[in-house]
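Taking it in order: structure first as structure tokens, then the write-up.
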Amino acid sequence: VQLQASGGGLVQAGGSLGLSCAASGRAFSSYALGWFRQAPGKARDFVAAVSRSGRITDCADSVKGRFTISRDNAKNTVYLQMNSLKPEDTAVYYCAAGVSLLTTPGVKKTEREYDYWGQGTQVTVSS
């Protein structure tokens, strides 16, 4: 699976931005998907995740109520809608895909659970 993230950019605090991550390869619906972010000088952190079916989602406390993750299995794409952006949301955002078995169909929240990563897209929020 190859992942291509897009949609990053510069936005003012309080604004909105939508990220997309398109996947190539087969069996997209068998992967759990997630978004992580890495600010300068910091470790990469979990942002949001969605199960293989799309019915289960979860996100970090820091973005709860502001960010929404979704997926369209017909388009092999995962989305991250970011609203009420804050300067502390500034980071490189990465999408990731992890093989999800039918017996464990939930979300994945740690880096080591993911098998494939996109190249990252920069999001900058100005104050």
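Note on naming: chains are A, B, ... as they come in the structure tokens, residues start from 1 per chain, ligands start from 1 in the order shown.
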- Item | Nearby residues (only C-alpha atoms) at most 7 Å from A:Leu10, same-chain spacing under 5 positions excluded, as a PyMOL selection string | chain A and resi 123-125
Selection export as a PDB file, in the first residue's frame, atoms kept: all heavy atoms:
```pdb
ATOM      1  N   VAL A 123       1.064  21.379   8.061  1.00  0.00           N
ATOM      2  CA  VAL A 123      -0.030  22.251   8.473  1.00  0.00           C
ATOM      3  C   VAL A 123       0.551  23.321   9.388  1.00  0.00           C
ATOM      4  O   VAL A 123       1.201  23.002  10.388  1.00  0.00           O
ATOM      5  CB  VAL A 123      -1.127  21.461   9.213  1.00  0.00           C
ATOM      6  CG1 VAL A 123      -2.165  22.410   9.805  1.00  0.00           C
ATOM      7  CG2 VAL A 123      -1.787  20.462   8.271  1.00  0.00           C
ATOM      8  N   THR A 124       0.332  24.566   9.032  1.00  0.00           N
ATOM      9  CA  THR A 124       0.829  25.680   9.822  1.00  0.00           C
ATOM     10  C   THR A 124      -0.343  26.577  10.198  1.00  0.00           C
ATOM     11  O   THR A 124      -1.087  27.028   9.325  1.00  0.00           O
ATOM     12  CB  THR A 124       1.876  26.497   9.051  1.00  0.00           C
ATOM     13  OG1 THR A 124       2.944  25.639   8.658  1.00  0.00           O
ATOM     14  CG2 THR A 124       2.425  27.624   9.922  1.00  0.00           C
ATOM     15  N   VAL A 125      -0.502  26.805  11.501  1.00  0.00           N
ATOM     16  CA  VAL A 125      -1.585  27.644  12.000  1.00  0.00           C
ATOM     17  C   VAL A 125      -0.971  28.897  12.600  1.00  0.00           C
ATOM     18  O   VAL A 125      -0.204  28.823  13.559  1.00  0.00           O
ATOM     19  CB  VAL A 125      -2.430  26.904  13.046  1.00  0.00           C
ATOM     20  CG1 VAL A 125      -3.616  27.774  13.470  1.00  0.00           C
ATOM     21  CG2 VAL A 125      -2.910  25.562  12.507  1.00  0.00           C
TER      22      VAL A 125
END
```
- Query: Any idea what's packed within 12 Å of stretch 101-116 of chain A, counting only C-alpha atoms, ignoring anything in its chain fewer than 5 positions away? Could you give it as a PyMOL selection string?
  - Reply: chain A and resi 1-4+23-25+27-37+43-60+69+94-96
- Message: I need the helix (DSSP H, G or I) residues of chain A per DSSP on the backbone, written as JSON, numbers by chain.
- Response: {"A": [28, 29, 30, 61, 62, 63, 87, 88, 89, 111, 112, 113]}
Residues within 10 Å of A:Ala5, only C-alpha atoms, excluding chain neighbours under 5 positions, as a compact mmCIF listing (two decimals) with N, CA, C and O atoms, in the first residue's frame:
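Output saved as around.txt:
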```txt
# COMPACT_ATOMS: atom_id res chain seq x y z
N LEU A 19 -7.59 17.49 5.33
CA LEU A 19 -6.52 16.66 4.78
C LEU A 19 -7.13 15.43 4.13
O LEU A 19 -8.15 14.91 4.59
N SER A 20 -6.47 14.97 3.09
CA SER A 20 -6.85 13.73 2.42
C SER A 20 -5.63 12.84 2.32
O SER A 20 -4.51 13.32 2.25
N CYS A 21 -5.88 11.56 2.28
CA CYS A 21 -4.80 10.60 2.09
C CYS A 21 -5.32 9.50 1.18
O CYS A 21 -6.21 8.72 1.57
N ALA A 22 -4.79 9.46 -0.03
CA ALA A 22 -5.22 8.47 -1.01
C ALA A 22 -4.28 7.28 -0.99
O ALA A 22 -3.06 7.44 -0.93
N ALA A 23 -4.87 6.10 -1.07
CA ALA A 23 -4.09 4.87 -1.02
C ALA A 23 -4.14 4.15 -2.36
O ALA A 23 -5.18 4.11 -3.02
N THR A 77 -9.65 6.38 0.24
CA THR A 77 -9.19 7.64 0.80
C THR A 77 -9.64 7.78 2.26
O THR A 77 -10.75 7.40 2.61
N VAL A 78 -8.75 8.34 3.05
CA VAL A 78 -9.06 8.70 4.43
C VAL A 78 -8.93 10.21 4.56
O VAL A 78 -8.07 10.82 3.92
N TYR A 79 -9.79 10.79 5.37
CA TYR A 79 -9.85 12.24 5.51
C TYR A 79 -9.64 12.65 6.97
O TYR A 79 -9.94 11.90 7.90
N TYR A 93 1.70 16.40 9.26
CA TYR A 93 0.68 15.38 9.49
C TYR A 93 0.93 14.19 8.58
O TYR A 93 1.12 14.35 7.37
N TYR A 94 0.89 13.00 9.18
CA TYR A 94 1.14 11.76 8.46
C TYR A 94 -0.10 10.86 8.52
O TYR A 94 -0.70 10.71 9.58
N CYS A 95 -0.43 10.25 7.40
CA CYS A 95 -1.45 9.21 7.41
C CYS A 95 -0.76 7.85 7.44
O CYS A 95 0.40 7.71 7.02
N ALA A 96 -1.46 6.88 7.97
CA ALA A 96 -0.88 5.55 8.12
C ALA A 96 -1.96 4.49 7.96
O ALA A 96 -3.14 4.74 8.23
N TRP A 117 3.13 4.15 5.80
CA TRP A 117 3.05 5.56 6.14
C TRP A 117 3.11 6.42 4.88
O TRP A 117 3.84 6.10 3.93
N GLY A 118 2.36 7.51 4.91
CA GLY A 118 2.46 8.51 3.85
C GLY A 118 3.64 9.43 4.09
O GLY A 118 4.32 9.34 5.12
N GLN A 119 3.85 10.35 3.17
CA GLN A 119 5.05 11.18 3.21
C GLN A 119 4.90 12.40 4.12
O GLN A 119 5.89 13.05 4.42
N GLY A 120 3.71 12.70 4.56
CA GLY A 120 3.51 13.86 5.44
C GLY A 120 3.12 15.11 4.68
O GLY A 120 3.55 15.32 3.55
N THR A 121 2.29 15.91 5.31
CA THR A 121 1.89 17.19 4.74
C THR A 121 1.91 18.24 5.85
O THR A 121 1.47 17.99 6.97
N GLN A 122 2.47 19.40 5.54
CA GLN A 122 2.68 20.43 6.55
C GLN A 122 1.40 21.22 6.79
O GLN A 122 0.75 21.69 5.85
```
- Item | d(atom CA of A:Ala91, atom CA of A:Gln38) in Å |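 Taking atom CA of A:Ala91 and atom CA of A:Gln38, their separation equals 5.2 Å.
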- Task: Can you check which residues of chain A DSSP gives as strand (DSSP E) on the backbone and send them as a ChimeraX atom specification?
- Result: /A:2-6,9-12,17-24,31-38,44-50,57-59,67-72,77-82,91-99,116-117,121-126
- atom CA of A:Asp72 to atom CA of A:Gly8, distance in Å rounded to a single decimal: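 Value for the atom CA of A:Asp72-atom CA of A:Gly8 distance: 19.3 Å.
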- Task: Can you work out which one of A:Ser70, A:Ser84, A:Thr90, A:Ser16 has the shortest atom-to-atom distance to A:Pro40, counting only C-alpha atoms?
- Result: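 For A:Pro40, the nearest of the candidates is A:Thr90.
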- Query: Which one is closest to A:Leu80: A:Gly7, A:Gly98, A:Gly41, A:Gly18? Count only C-alpha atoms.
  - Reply: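 The answer is A:Gly18, which sits nearest to A:Leu80.
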- Atomic distance atom CA of A:Val11 - atom CA of A:Val63, expressed in Å with one decimal: 16.4 Å
